[in-house]
>>> print(open('model36.cif').read())   # mmCIF, C-alpha atoms
data_protein
loop_
_atom_site.label_atom_id
_atom_site.label_comp_id
_atom_site.auth_asym_id
_atom_site.auth_seq_id
_atom_site.Cartn_x
_atom_site.Cartn_y
_atom_site.Cartn_z
CA MET X 63 18.67 22.60 7.53
CA ASN X 64 19.33 19.18 9.04
CA ASP X 65 20.26 16.10 7.04
CA VAL X 66 17.61 13.38 7.35
CA VAL X 67 18.15 9.62 7.33
CA ILE X 68 15.94 6.55 7.38
CA THR X 69 17.38 4.23 10.00
CA GLY X 70 14.78 1.55 10.57
CA THR X 71 11.83 -0.19 8.95
CA GLY X 72 9.35 -2.72 10.23
CA LEU X 73 6.77 -5.04 8.71
CA PHE X 74 3.70 -6.70 10.16
CA THR X 75 2.43 -9.60 8.05
CA PRO X 76 -0.90 -11.26 8.97
CA GLU X 77 -0.93 -14.98 9.70
CA HIS X 78 -3.63 -15.88 7.18
CA THR X 79 -2.81 -16.44 3.51
CA ILE X 80 -5.05 -17.07 0.51
CA ASP X 81 -3.58 -18.39 -2.71
CA ASN X 82 -5.18 -17.85 -6.09
CA GLU X 83 -6.67 -21.34 -6.22
CA ALA X 84 -8.61 -20.89 -2.98
CA LEU X 85 -9.78 -17.42 -3.94
CA VAL X 86 -10.94 -18.60 -7.35
CA ALA X 87 -12.82 -21.56 -5.88
CA THR X 88 -14.81 -19.20 -3.66
CA PHE X 89 -15.45 -16.72 -6.46
CA ASN X 90 -16.64 -19.41 -8.85
CA ALA X 91 -18.95 -20.84 -6.18
CA PHE X 92 -20.42 -17.35 -5.82
CA VAL X 93 -20.85 -17.15 -9.61
CA ASP X 94 -22.76 -20.46 -9.64
CA ARG X 95 -25.05 -19.21 -6.88
CA HIS X 96 -25.64 -15.88 -8.60
CA ASN X 97 -26.31 -17.35 -12.04
CA GLU X 98 -28.72 -19.91 -10.58
CA ARG X 99 -30.55 -17.23 -8.57
CA PHE X 100 -31.01 -15.01 -11.62
CA SER X 101 -31.37 -17.79 -14.20
CA ALA X 102 -34.72 -16.48 -15.47
CA GLU X 103 -33.36 -12.95 -15.97
CA ILE X 104 -30.26 -14.34 -17.68
CA ALA X 105 -32.37 -16.55 -19.97
CA ALA X 106 -34.54 -13.55 -20.85
CA GLY X 107 -31.50 -11.49 -21.72
CA GLU X 108 -32.25 -8.97 -18.98
CA GLN X 109 -28.82 -9.42 -17.42
CA ALA X 110 -25.61 -11.17 -18.34
CA ALA X 111 -24.40 -14.29 -16.63
CA LEU X 112 -21.31 -13.82 -14.46
CA ALA X 113 -18.12 -15.43 -15.75
CA TYR X 114 -15.69 -17.62 -13.84
CA SER X 115 -12.31 -16.41 -12.68
CA SER X 116 -9.12 -18.53 -12.85
CA SER X 117 -5.65 -18.64 -11.36
CA GLU X 118 -4.18 -18.26 -14.84
CA PHE X 119 -6.21 -15.12 -15.49
CA ILE X 120 -5.15 -13.56 -12.18
CA GLU X 121 -1.45 -14.24 -12.58
CA LYS X 122 -1.39 -13.13 -16.22
CA ALA X 123 -3.27 -9.91 -15.44
CA SER X 124 -1.32 -8.92 -12.34
CA GLY X 125 1.54 -11.21 -11.39
CA ILE X 126 -0.19 -11.95 -8.07
CA LYS X 127 -0.09 -15.52 -6.75
CA SER X 128 -1.27 -15.12 -3.15
CA ARG X 129 -2.02 -12.55 -0.46
CA TYR X 130 -1.91 -12.14 3.33
CA VAL X 131 -5.17 -11.13 5.03
CA LEU X 132 -6.35 -10.47 8.57
CA ASP X 133 -9.17 -12.98 8.13
CA ALA X 134 -9.39 -15.67 5.47
CA GLU X 135 -12.48 -17.55 6.63
CA GLY X 136 -14.93 -14.73 5.93
CA ILE X 137 -13.42 -14.00 2.53
CA LEU X 138 -13.55 -17.66 1.50
CA ASP X 139 -17.20 -18.06 2.51
CA PRO X 140 -19.25 -17.74 -0.72
CA ALA X 141 -22.20 -16.49 1.34
CA ARG X 142 -20.12 -13.66 2.90
CA MET X 143 -17.02 -12.86 0.79
CA ARG X 144 -15.60 -10.22 3.10
CA PRO X 145 -13.33 -10.51 6.15
CA ASN X 146 -14.93 -11.10 9.53
CA LEU X 147 -13.38 -8.53 11.86
CA PRO X 148 -15.54 -8.20 15.01
CA GLN X 149 -16.10 -4.70 16.31
CA ARG X 150 -13.92 -3.81 19.27
CA SER X 151 -14.92 -1.79 22.28
CA ASP X 152 -13.62 1.75 22.66
CA ASP X 153 -11.39 0.54 25.48
CA GLU X 154 -9.59 -2.00 23.27
CA PRO X 155 -6.75 -1.13 20.88
CA SER X 156 -8.06 -0.59 17.37
CA ILE X 157 -7.05 -3.08 14.70
CA GLN X 158 -4.85 -0.54 12.92
CA CYS X 159 -3.19 0.47 16.19
CA GLU X 160 -2.43 -3.17 16.94
CA MET X 161 -0.91 -3.69 13.49
CA ALA X 162 1.09 -0.47 13.71
CA VAL X 163 2.54 -1.21 17.15
CA LYS X 164 3.93 -4.52 15.89
CA ALA X 165 5.52 -2.98 12.79
CA ALA X 166 6.76 0.07 14.72
CA GLY X 167 8.42 -2.06 17.39
CA GLN X 168 10.50 -3.75 14.73
CA ALA X 169 11.41 -0.45 13.06
CA LEU X 170 12.44 1.16 16.35
CA GLU X 171 14.59 -1.83 17.24
CA ASN X 172 16.31 -1.75 13.84
CA ALA X 173 16.97 1.98 14.25
CA GLY X 174 18.24 1.61 17.81
CA VAL X 175 15.73 4.22 18.95
CA GLU X 176 13.52 4.20 22.05
CA ALA X 177 9.86 5.05 21.54
CA GLU X 178 10.10 8.15 23.73
CA GLY X 179 12.66 9.55 21.28
CA ILE X 180 10.00 9.80 18.53
CA GLU X 181 8.42 13.26 18.38
CA LEU X 182 6.08 12.80 15.42
CA VAL X 183 3.86 9.86 14.45
CA ILE X 184 2.11 9.87 11.07
CA VAL X 185 -0.41 7.19 10.16
CA ALA X 186 -0.49 7.16 6.37
CA CYS X 187 -2.78 4.68 4.64
CA SER X 188 -5.57 4.35 2.10
CA ASN X 189 -8.39 3.78 4.61
CA LEU X 190 -8.79 4.68 8.28
CA GLU X 191 -11.12 2.64 10.46
CA ARG X 192 -12.66 5.70 12.09
CA ALA X 193 -12.94 9.42 11.63
CA TYR X 194 -11.56 10.42 15.03
CA PRO X 195 -9.73 10.37 17.35
CA ALA X 196 -6.72 9.99 15.07
CA VAL X 197 -5.28 6.50 14.95
CA ALA X 198 -1.83 8.13 15.10
CA VAL X 199 -2.60 9.60 18.52
CA GLU X 200 -3.77 6.19 19.73
CA ILE X 201 -0.48 4.68 18.48
CA GLN X 202 1.43 7.50 20.15
CA GLN X 203 -0.09 6.52 23.47
CA ALA X 204 0.36 2.78 22.90
CA LEU X 205 4.06 3.17 22.07
CA GLY X 206 4.80 5.94 24.54
CA THR X 207 6.19 8.38 21.98
CA ALA X 208 6.56 12.10 22.62
CA GLY X 209 5.34 15.08 20.62
CA TYR X 210 2.29 14.70 18.41
CA GLY X 211 0.68 12.56 15.74
CA PHE X 212 -1.86 12.80 12.95
CA ASP X 213 -3.48 10.72 10.19
CA MET X 214 -3.22 11.36 6.46
CA ASN X 215 -4.62 9.68 3.37
CA VAL X 216 -3.28 9.91 -0.17
CA ALA X 217 -4.40 6.38 -1.06
CA CYS X 218 -1.57 4.22 -2.38
CA SER X 219 0.88 7.13 -2.17
CA SER X 220 0.24 7.79 1.52
CA ALA X 221 3.58 6.45 2.78
CA THR X 222 5.78 8.49 0.44
CA PHE X 223 3.75 11.63 1.06
CA ALA X 224 4.17 11.05 4.81
CA ILE X 225 7.90 10.44 4.42
CA GLU X 226 8.25 13.82 2.75
CA THR X 227 6.20 15.45 5.52
CA ALA X 228 8.30 13.79 8.23
CA ALA X 229 11.59 14.56 6.45
CA ASN X 230 10.63 18.23 6.11
CA ALA X 231 9.76 18.43 9.81
CA ILE X 232 13.14 16.98 10.74
CA ALA X 233 15.07 19.07 8.22
CA SER X 234 13.49 22.27 9.51
CA GLY X 235 14.29 21.40 13.12
CA SER X 236 10.72 21.13 14.42
CA VAL X 237 11.28 17.48 15.43
CA LYS X 238 14.33 15.24 15.78
CA ARG X 239 12.77 11.89 14.93
CA ALA X 240 9.57 10.71 13.26
CA LEU X 241 7.70 7.48 12.69
CA VAL X 242 5.58 6.77 9.61
CA VAL X 243 3.23 3.77 9.82
CA SER X 244 0.94 2.40 7.12
CA PRO X 245 -1.61 -0.08 8.49
CA GLU X 246 -3.36 -1.23 5.35
CA ILE X 247 -6.50 -3.37 5.74
CA CYS X 248 -7.17 -3.50 2.01
CA SER X 249 -9.29 -6.66 2.19
CA ALA X 250 -12.02 -4.63 3.92
CA HIS X 251 -12.61 -2.30 0.95
CA LEU X 252 -12.24 -4.90 -1.80
CA ASN X 253 -15.25 -6.24 -3.69
CA PHE X 254 -14.53 -9.97 -3.71
CA THR X 255 -17.51 -10.52 -6.05
CA ASP X 256 -15.97 -8.48 -8.89
CA ARG X 257 -14.04 -10.67 -11.33
CA ASP X 258 -11.81 -7.82 -12.50
CA SER X 259 -10.55 -6.90 -9.03
CA HIS X 260 -11.34 -9.67 -6.52
CA PHE X 261 -7.70 -10.76 -6.44
CA ILE X 262 -5.93 -7.41 -6.18
CA PHE X 263 -5.42 -6.61 -2.50
CA GLY X 264 -3.85 -8.01 0.65
CA ASP X 265 -3.27 -6.72 4.19
CA ALA X 266 -0.01 -5.58 5.84
CA CYS X 267 1.51 -2.78 7.89
CA THR X 268 4.86 -1.06 7.48
CA ALA X 269 6.76 1.36 9.68
CA VAL X 270 9.63 3.74 8.90
CA VAL X 271 11.85 5.62 11.36
CA LEU X 272 13.35 8.89 10.15
CA GLU X 273 15.75 10.99 12.21
CA ARG X 274 18.34 13.72 12.16
CA SER X 275 21.54 12.30 10.69
CA ASP X 276 23.80 13.40 13.55
CA LEU X 277 21.64 11.52 16.06
CA ALA X 278 21.52 8.21 14.17
CA VAL X 279 23.18 5.11 15.64
CA ALA X 280 21.97 2.45 13.19
CA SER X 281 24.70 0.68 11.23
CA GLN X 282 22.82 1.12 7.93
CA ARG X 283 21.40 4.55 7.19
CA PHE X 284 19.73 5.95 4.10
CA GLU X 285 20.06 9.69 3.60
CA VAL X 286 16.98 11.31 2.07
CA LEU X 287 18.51 13.12 -0.91
CA GLY X 288 15.18 14.49 -2.04
CA THR X 289 11.45 13.95 -2.32
CA ARG X 290 8.97 14.92 -4.99
CA LEU X 291 5.19 14.57 -5.06
CA VAL X 292 2.57 15.00 -7.76
CA THR X 293 -1.22 14.74 -7.89
CA ARG X 294 -3.72 14.86 -10.73
CA PHE X 295 -7.44 14.34 -10.28
CA SER X 296 -8.99 11.25 -11.81
CA ASN X 297 -12.08 9.12 -11.19
CA ALA X 298 -10.41 6.04 -12.65
CA ILE X 299 -9.73 4.72 -9.12
CA ARG X 300 -12.42 5.58 -6.59
CA ASN X 301 -14.09 4.63 -3.31
CA ASN X 302 -17.25 6.56 -2.33
CA ALA X 303 -17.51 5.39 1.29
CA GLY X 304 -17.82 8.39 3.57
CA PHE X 305 -19.71 10.07 6.38
CA LEU X 306 -22.12 11.77 3.96
CA ASN X 307 -23.50 8.42 2.75
CA ARG X 308 -26.13 8.39 5.50
CA VAL X 309 -27.41 11.88 4.70
CA THR X 310 -27.38 11.55 0.92
CA ASP X 311 -29.47 8.39 1.29
CA SER X 312 -27.08 6.44 -0.92
CA ASP X 313 -26.73 2.70 -0.43
CA PRO X 314 -24.08 2.16 2.28
CA LEU X 315 -23.48 -1.33 0.86
CA GLY X 316 -23.33 -0.20 -2.77
CA VAL X 317 -20.42 -1.42 -4.87
CA ASP X 318 -19.22 2.18 -5.25
CA LYS X 319 -18.51 2.21 -1.49
CA LEU X 320 -15.73 -0.29 -2.20
CA PHE X 321 -12.66 -0.15 -4.43
CA VAL X 322 -13.58 0.55 -8.05
CA GLN X 323 -11.16 1.13 -10.91
CA GLN X 324 -10.90 1.37 -14.67
CA GLY X 325 -7.82 -0.80 -14.96
CA ARG X 326 -6.83 -0.20 -18.57
CA GLN X 327 -7.25 3.56 -18.21
CA VAL X 328 -5.16 3.57 -15.03
CA PHE X 329 -2.37 1.65 -16.76
CA LYS X 330 -2.40 3.98 -19.76
CA GLU X 331 -2.39 7.20 -17.72
CA VAL X 332 -0.37 6.38 -14.61
CA CYS X 333 2.69 4.67 -16.13
CA PRO X 334 3.91 7.70 -18.15
CA MET X 335 3.05 10.04 -15.27
CA VAL X 336 5.19 8.04 -12.83
CA ALA X 337 8.08 7.53 -15.24
CA SER X 338 8.15 11.28 -15.90
CA LEU X 339 8.07 12.03 -12.16
CA ILE X 340 11.01 9.74 -11.45
CA THR X 341 13.20 10.86 -14.33
CA SER X 342 12.62 14.55 -13.65
CA HIS X 343 13.22 14.06 -9.94
CA LEU X 344 16.50 12.26 -10.61
CA ALA X 345 17.55 14.96 -13.08
CA SER X 346 16.91 17.65 -10.47
CA LEU X 347 19.44 15.86 -8.25
CA GLU X 348 21.89 15.51 -11.17
CA LEU X 349 21.21 11.79 -11.35
CA LYS X 350 19.98 9.49 -14.08
CA GLY X 351 18.52 6.00 -14.23
CA ALA X 352 21.94 4.37 -14.54
CA ASP X 353 22.94 5.89 -11.17
CA VAL X 354 20.14 4.08 -9.33
CA LYS X 355 20.96 0.64 -7.97
CA ARG X 356 17.38 -0.24 -7.14
CA LEU X 357 13.83 0.94 -7.65
CA TRP X 358 11.46 0.07 -4.81
CA LEU X 359 8.21 0.59 -6.68
CA HIS X 360 4.57 0.48 -5.63
CA GLN X 361 3.36 -3.11 -5.81
CA ALA X 362 0.06 -3.08 -7.67
CA ASN X 363 0.71 -4.76 -10.99
CA ARG X 364 3.77 -6.53 -12.37
CA HIS X 365 3.28 -5.13 -15.87
CA MET X 366 3.11 -1.54 -14.60
CA ASN X 367 6.33 -1.98 -12.60
CA ASP X 368 8.18 -3.54 -15.53
CA LEU X 369 7.11 -0.73 -17.87
CA ILE X 370 7.99 2.08 -15.44
CA ALA X 371 11.35 0.55 -14.56
CA ARG X 372 12.15 0.08 -18.24
CA LYS X 373 11.39 3.73 -18.98
CA VAL X 374 13.52 4.94 -16.06
CA LEU X 375 16.48 2.58 -16.43
CA GLY X 376 16.48 2.30 -20.21
CA PHE X 377 16.47 -1.50 -20.23
CA ASP X 378 14.46 -4.45 -18.92
CA PRO X 379 15.15 -4.69 -15.17
CA ASP X 380 15.99 -7.89 -13.34
CA GLU X 381 14.64 -8.81 -9.92
CA SER X 382 17.53 -7.09 -8.13
CA GLN X 383 16.95 -3.76 -9.87
CA ALA X 384 13.16 -3.60 -9.41
CA PRO X 385 12.19 -6.26 -6.84
CA ILE X 386 8.68 -7.68 -6.86
CA ILE X 387 6.88 -8.66 -3.66
CA LEU X 388 3.30 -8.45 -4.95
CA ASP X 389 3.42 -12.06 -6.09
CA ARG X 390 3.02 -13.15 -2.45
CA TYR X 391 1.70 -9.96 -0.78
CA ALA X 392 -0.60 -8.72 -3.60
CA ASN X 393 -1.34 -4.98 -3.61
CA THR X 394 -0.99 -3.64 -0.06
CA SER X 395 -1.61 -0.04 -1.14
CA SER X 396 0.82 2.42 0.44
CA ALA X 397 2.69 -0.35 2.27
CA GLY X 398 3.82 -2.05 -0.95
CA SER X 399 6.84 0.05 -1.90
CA ILE X 400 7.96 0.11 1.74
CA ILE X 401 7.72 -3.70 1.95
CA ALA X 402 9.97 -3.88 -1.12
CA PHE X 403 12.44 -1.48 0.55
CA HIS X 404 12.29 -3.34 3.86
CA LEU X 405 12.98 -6.74 2.28
CA HIS X 406 15.47 -5.70 -0.42
CA ARG X 407 18.05 -3.29 0.94
CA ASP X 408 20.51 -5.27 3.08
CA ASP X 409 23.05 -5.53 0.25
CA PHE X 410 23.37 -1.73 -0.10
CA LYS X 411 26.81 -0.27 0.59
CA ALA X 412 27.88 3.30 1.31
CA GLY X 413 27.25 5.47 -1.75
CA ASP X 414 24.61 3.22 -3.33
CA THR X 415 21.51 5.09 -4.47
CA GLY X 416 17.93 3.80 -4.53
CA LEU X 417 14.47 5.22 -5.09
CA ILE X 418 11.13 4.52 -3.41
CA CYS X 419 8.11 5.38 -5.55
CA SER X 420 4.41 4.94 -4.91
CA PHE X 421 1.46 5.73 -7.15
CA GLY X 422 -2.28 5.27 -7.15
CA ALA X 423 -5.66 6.90 -6.70
CA GLY X 424 -5.86 10.62 -7.04
CA TYR X 425 -3.94 10.23 -9.22
CA SER X 426 -1.06 10.59 -6.81
CA ALA X 427 2.61 9.66 -6.94
CA GLY X 428 5.54 10.18 -4.61
CA SER X 429 9.27 9.74 -5.18
CA VAL X 430 11.92 9.44 -2.43
CA VAL X 431 15.59 9.27 -3.46
CA LEU X 432 17.89 7.63 -0.90
CA ARG X 433 21.66 7.19 -0.61
CA CYS X 434 23.17 4.60 1.70
CA GLN X 435 25.68 6.09 4.15
#
>>> encode(input="model36.cif", output="structure tokens")
Amino acid sequence: MNDVVITGTGLFTPEHTIDNEALVATFNAFVDRHNERFSAEIAAGEQAALAYSSSEFIEKASGIKSRYVLDAEGILDPARMRPNLPQRSDDEPSIQCEMAVKAAGQALENAGVEAEGIELVIVACSNLERAYPAVAVEIQQALGTAGYGFDMNVACSSATFAIETAANAIASGSVKRALVVSPEICSAHLNFTDRDSHFIFGDACTAVVLERSDLAVASQRFEVLGTRLVTRFSNAIRNNAGFLNRVTDSDPLGVDKLFVQQGRQVFKEVCPMVASLITSHLASLELKGADVKRLWLHQANRHMNDLIARKVLGFDPDESQAPIILDRYANTSSAGSIIAFHLHRDDFKAGDTGLICSFGAGYSAGSVVLRCQ
């Protein structure tokens, strides 16, 4: 079996940003329009009036202060409240391919690897913009990589699941190098008219280069000591958009075709599941929380991260031990933990150990233990 290392990461961040104040102003304008339109029904008690959102509510509930998005204008239009992303022709690069190529170029440069040296491309994200052909194969062509590529979806855990898949392929000798990209366009599946979730998501794309240790030339390398994955079915986070919508005669614009979650239930059930996954994974490698310099956790909710880190480490973590990037990026689904890793690893020295962990719909959770070489 070959030793596997992560040698490069990349990050594409959209140009547009929306802070909480701007998002709230749009949401509250929508609320005024809705309540005026249905004033008779509200007065008759046939439906409840919608309530305002606020920046204070958002930050207290999640820790999020702003987010990057591919299009802000459409989201901030109270008559639209969704991004405006014009359809592209089949001869143009897809949006996710374009995002991935930018992030991948940075990751390849950091790793000191030419595109043709990559033999496996995995696109791992919560939503894919089409059923086929695979976005990964499109990216393969755009970059000029060798071998093969495929798409996979495990919602917010997609990147860690793909890292394990890529690491196993390299360890077994079937490929020498792999690229994992996570082009997350989360703003397109978010219901911006729902007070409980309109602030949650942002857009971004990450890329990770993995390769056989003896081939690596990067000055900083992270050996993959082990990976562990877990899934458990739950409807607490769900999105019913799919190709069967048109034949089941369900409403293609129904709110269930967007992100829907039972937030309190998710918090109650996912936090212990993830803490147990991490601690048992560390124990299997004869490690404990005190041996881990940094936890690069999924970036969905500040309170969830603080609780999980506290359970794993045994004390309240500071920003260096469990860095937070969701305050400015919001929840970028599977890209979140990789953004944290990408932005908070330069101070690692040989022998330092860290852990990437993602968790989300499914439920699903993935743990990747790394040691700096």
>>> resolve_selection(input="model36.cif", expression="the PyMOL selection byres ((chain X and resi 75-90) around 9)", output="ChimeraX atom specification")
/X:73-74,91-95,113-118,120-121,126-134,137-140,143,161,165,254-257,260-261,264-268,390-391
>>> residues_around(input="model36.cif", residues="range 406-410 of chain X", least_positions_apart="5", cutoff="9 Å", atoms="only C-alpha atoms", output="JSON, numbers by chain")
{"X": [282, 355, 356, 358, 382, 385, 401, 415, 416, 434]}
>>> closest_residue(input="model36.cif", among="X:Arg192, X:Arg239, X:Arg294, X:Lys350", to="Gly422 in chain X", atoms="all atoms listed in the file")
X:Arg294
>>> closest_residue(input="model36.cif", among="X:His251, X:Ile299, X:Glu285, X:Gln327", to="Leu315 in chain X", atoms="only C-alpha atoms")
X:His251
>>> atom_distance(input="model36.cif", atom1="CA of Ala345 in chain X", atom2="CA of Cys333 in chain X")
18.3 Å
>>> atom_distance(input="model36.cif", atom1="CA of Ala337 in chain X", atom2="CA of Phe403 in chain X")
18.7 Å
>>> resolve_selection(input="model36.cif", expression="the PyMOL selection byres ((chain X and resi 283) around 9)", output="PDB file with C-alpha atoms, in the frame of the given file")
ATOM      1  CA  VAL X  67      18.150   9.620   7.330  1.00  0.00           C
ATOM      2  CA  ILE X  68      15.940   6.550   7.380  1.00  0.00           C
ATOM      3  CA  THR X  69      17.380   4.230  10.000  1.00  0.00           C
ATOM      4  CA  GLY X  70      14.780   1.550  10.570  1.00  0.00           C
ATOM      5  CA  ALA X 173      16.970   1.980  14.250  1.00  0.00           C
ATOM      6  CA  SER X 275      21.540  12.300  10.690  1.00  0.00           C
ATOM      7  CA  ALA X 278      21.520   8.210  14.170  1.00  0.00           C
ATOM      8  CA  VAL X 279      23.180   5.110  15.640  1.00  0.00           C
ATOM      9  CA  ALA X 280      21.970   2.450  13.190  1.00  0.00           C
ATOM     10  CA  SER X 281      24.700   0.680  11.230  1.00  0.00           C
ATOM     11  CA  GLN X 282      22.820   1.120   7.930  1.00  0.00           C
ATOM     12  CA  PHE X 284      19.730   5.950   4.100  1.00  0.00           C
ATOM     13  CA  GLU X 285      20.060   9.690   3.600  1.00  0.00           C
ATOM     14  CA  ALA X 412      27.880   3.300   1.310  1.00  0.00           C
ATOM     15  CA  ARG X 433      21.660   7.190  -0.610  1.00  0.00           C
ATOM     16  CA  CYS X 434      23.170   4.600   1.700  1.00  0.00           C
ATOM     17  CA  GLN X 435      25.680   6.090   4.150  1.00  0.00           C
TER      18      GLN X 435
END
>>> closest_residue(input="model36.cif", among="X:Asn97, X:Thr310, X:Ser429, X:Gln361", to="Leu112 in chain X", atoms="only C-alpha atoms")
X:Asn97
